[in-house]
Amino acid sequence: MAEYEWDAEGNEFIDELLKKILPDFLQKVESVLAEAFRFAPYFISFNDFTRFIMQELEQKVRLSPKHKEMLYSEFRRIYEKTQKETVGDTPLRIDFNMADERTINYALSLTDFYLGKFFQGDKKLRLDVVKWLSKYYLEQGNPIGKGQEGIKHFLNEFGGYLKRRTEGKVRQIIDTSVNHLRNSARLRAIAKARITKYRWDAVGDRLTCPYCRAMDGRVFDTGEAIRTLELIESDPASLPEVKPFLTRFPLDKLKSLPSSQMPSKMPPIHPHCRCRIVSFIEEIEEPYPVVVETAVPPRSLEETAILQELTTELKALRPEEITARIKAHLGSDWRRNPDGTFDAKASRLKAEFEKHAKDLNVQSLKEYEQLSYEVIRKPEHVFIQRVFNPQTKKYETNYIFVKNGVYVISNDESLAIQTVGRLKEEIESLLSKLSGSSLSATVKLF
Ligand SMILES: [Zn+2]
C-alpha cells in the first residue's frame with residue numbers, strides 16, 4: 001500500500017474528471033509540437049523558435065467551451081452528492097438554492113482561471129519550461145542547425161517533459177478546485193441545517209503534512225465562514241487575502257494561534273490537501289475535562305522553553321478542540337512510521353508485541369493491537385510529551401494514554417502508534433524515563 005492511499009478521500013471524483021479532461025490537454029500539447037516541427041525550418045535562432053512555441057502553448061493549451069460545460073454538470077453532481085453526505089441520515093431537507101448555484105459557478109471560474117490560462121497563467125510553470133529550453137540549448141546546442149533529425153530529437157525530449165508537467169499541473173488544479181467545491185458544499189449544508197459550528201477534520205489527509213495536522217480538530221464559526229465564502233465569490237481577487245494557503249505562514253506561529261485568528265478557516269490549505277469540515281454540535285460532543293499542567297518539572301532553561309511552547313500551543317485551543325486532537329489518535333496506526341512512510345510488514349507491532357505480550361497477558365497480535373485502541377478510546381489520563389530526537393534532530397510530540405494500568409504511546413505528527421505496555425511504576429517516573437536524557441517537556445491534559 002502506498003502512502004497516497006491513506007488520503008483516498010475524494011480521489012474517485014478527481015480521477016473521473018481527469019479522465020475526461022486530460023486527454024484533450026495532452027492532445028493540444030501534441031498539436032503545438034507538430035506545429036513547431038512544421039515551422040522550425042523558418043527559424044534560425046533557437047530563441048525565436050522557443051518564443052514561437054511558448055506563444056502557441058499559451059494560445060492553444062486551454063480549456064475548451066465543451067469541457068467547461070461538462071465541468072459545470074460534474075461539479076453540480078459532486079456538490080449535491082457532498083451536501084447529501086454532510087447531512088447524512090438526518091431528516092433534514094436541504095434544497096438547492098441560488099447560493100449553491102453561486103458557489104458552484106465560483107469553483108468553476110477558479111478552475112477556468114487556472115486551466116484556461118495554463119502556460120500563461122502559472123508563472124512557475126512557465127519559468128520551468130523556459131528553463132528547460134535554455135538548459136537544452138546550453139547542453140545540446142541549437143537543434144535547428146542540426147536539420148530535421150536534430151529538431152525531431154529536441155521535440156521528442158521537450159514533448160516528454162511538457163506532457164509530464166501538463167499532467168501534474170492539470171491534476172493539481174482539478175484536485176484543489178474539487179476540494180474547495182466539496183468543502184463549500186459541506187459548509188453550505190451545515191449552514192442550511194442551522195448548525196452554528198464546524199470542525200476541521202484532517203484524518204485521512206496526507207499525514208506527513210504538519211499544517212493539516214495543526215488544523216485538525218479546530219472548531220470554527222459557520223456564519224463567519226459563510227461570510228468569507230460569499231466575499232470570495234463576489235470578489236475573487238480577495239481570495240489570497242481572506243483565504244490564503246496556510247503553508248505560506250510559519251508553522252510554529254499557526255500552532256499557537258487561537259482558531260478565531262486563523263488566516264484561513266476552510267480547507268484546502270495547500271495543493272492536494274485532503275482536509276474536510278464536519279458539523280460540530282456542542283451538546284453532543286462533550287469535551288474531556290482538560291487541565292494542561294506540567295507533568296514532569298523542567299530540568300533546564302531549554303526544557304522550560306520547550307514546555308512554554310507546548311503550553312502556549314495548547315492554551316490557544318479550546319477544550320473541545322483539544323478533545324478532538326486526542327480523539328484523532330483513534331485514527332493512529334501501527335503501520336505508519338513517524339516519518340510518514342508505511343510499514344506494510346508491521347514490524348514495530350510485532351517487535352512491541354514480543355516485548356509486552358506477557359506483561360499484558362495478550363495472546364495474539366490482533367489482541368495486542370485492539371488493546372491499543374481500547375485505551376485510546378476511553379483513557380483515564382492523557383499526557384503530551386515533546387522530545388528532541390537526536391537522530392532526526394527534530395522534536396517529536398507523543399500522546400500518552402493511560403487506562404487500567406496500561407499505557408499507549410502515539411506519535412502526534414504522523415498518528416503512528418509506538419507501543420502499548422503495562423504500567424509498573426508511577427506514571428510520572430515512566431514519563432521521565434521515556435524522555436531519558438533528551439531535551440523534553442511533558443504536560444498532563446487530564
Ligand atoms: Zn489538508
# chains A, B, ... in the order shown; residues from 1 in each chain; ligands from 1
$ residues_around --residues "Leu301 in chain A" --least-positions-apart "5" --cutoff "12 Å" --atoms "only C-alpha atoms" --output "JSON, numbers by chain"
{"A": [306, 307, 308, 439, 440, 441]}
$ write_last_selection --atoms "C-alpha atoms" --output "CSV table (one decimal), in the first residue's frame"
chain,number,residue,atom,x,y,z
A,306,ILE,CA,10.0,23.8,25.2
A,307,LEU,CA,7.4,23.5,28.0
A,308,GLN,CA,6.3,27.1,27.4
A,439,LEU,CA,15.5,17.6,26.0
A,440,SER,CA,11.8,17.2,26.7
A,441,ALA,CA,8.7,18.7,28.1
$ residues_near_ligand --ligand "ligand 1" --cutoff "10 Å" --atoms "only C-alpha atoms and all ligand atoms" --output "PyMOL selection string"
chain A and resi 7+179+200-207+209-216+246+266-276
$ atom_distance --atom1 "CA of Thr166 in chain A" --atom2 "CA of Leu26 in chain A"
7.3 Å
$ residues_around --residues "Pro297 in chain A" --least-positions-apart "4" --cutoff "9 Å" --atoms "only C-alpha atoms" --output "ChimeraX atom specification"
/A:303-304,441-442
$ residues_around --residues "Leu365 in chain A" --least-positions-apart "2" --cutoff "8 Å" --atoms "only C-alpha atoms" --output "VMD selection string"
chain A and resid 349 to 350 353 363 367 to 369
$ write_last_selection --atoms "C-alpha atoms" --output "PDB file, in the first residue's frame"
ATOM      1  CA  LEU A 349       3.785  -4.009  16.042  1.00  0.00           C
ATOM      2  CA  LYS A 350       5.471  -7.428  16.067  1.00  0.00           C
ATOM      3  CA  PHE A 353       4.143  -7.393  20.960  1.00  0.00           C
ATOM      4  CA  GLN A 363      -2.160 -13.901  23.249  1.00  0.00           C
ATOM      5  CA  GLU A 367      -5.488  -8.718  20.657  1.00  0.00           C
ATOM      6  CA  TYR A 368      -2.461  -6.525  21.297  1.00  0.00           C
ATOM      7  CA  GLU A 369      -3.465  -4.132  18.521  1.00  0.00           C
TER       8      GLU A 369
END
$ residues_around --residues "Arg325 in chain A" --least-positions-apart "5" --cutoff "12 Å" --atoms "only C-alpha atoms" --output "PyMOL selection string"
chain A and resi 199-203+212-219+287-288+290+314+317-320+330-332+376+382+384+398-399+410-413+415+445
$ closest_residue --among "A:Gln140, A:Thr82, A:Gln172, A:Thr247" --to "Ile190 in chain A" --atoms "only C-alpha atoms"
A:Thr82
$ residues_around --residues "Leu108 in chain A" --least-positions-apart "4" --cutoff "9 Å" --atoms "only C-alpha atoms" --output "PyMOL selection string"
chain A and resi 68+71-72+75+103-104+112-113+177+181
$ atom_distance --atom1 "CA of Leu251 in chain A" --atom2 "CA of Phe383 in chain A"
22.3 Å
$ closest_residue --among "A:Ala99, A:Val420, A:Val242, A:Ile14" --to "Ile173 in chain A" --atoms "only C-alpha atoms"
A:Ile14
$ residues_around --residues "His153 in chain A" --least-positions-apart "6" --cutoff "10 Å" --atoms "only C-alpha atoms" --output "list in words"
Pro143, Lys146 and Gly159 of chain A
$ atom_distance --atom1 "CA of Ile195 in chain A" --atom2 "CA of Val278 in chain A"
10.3 Å
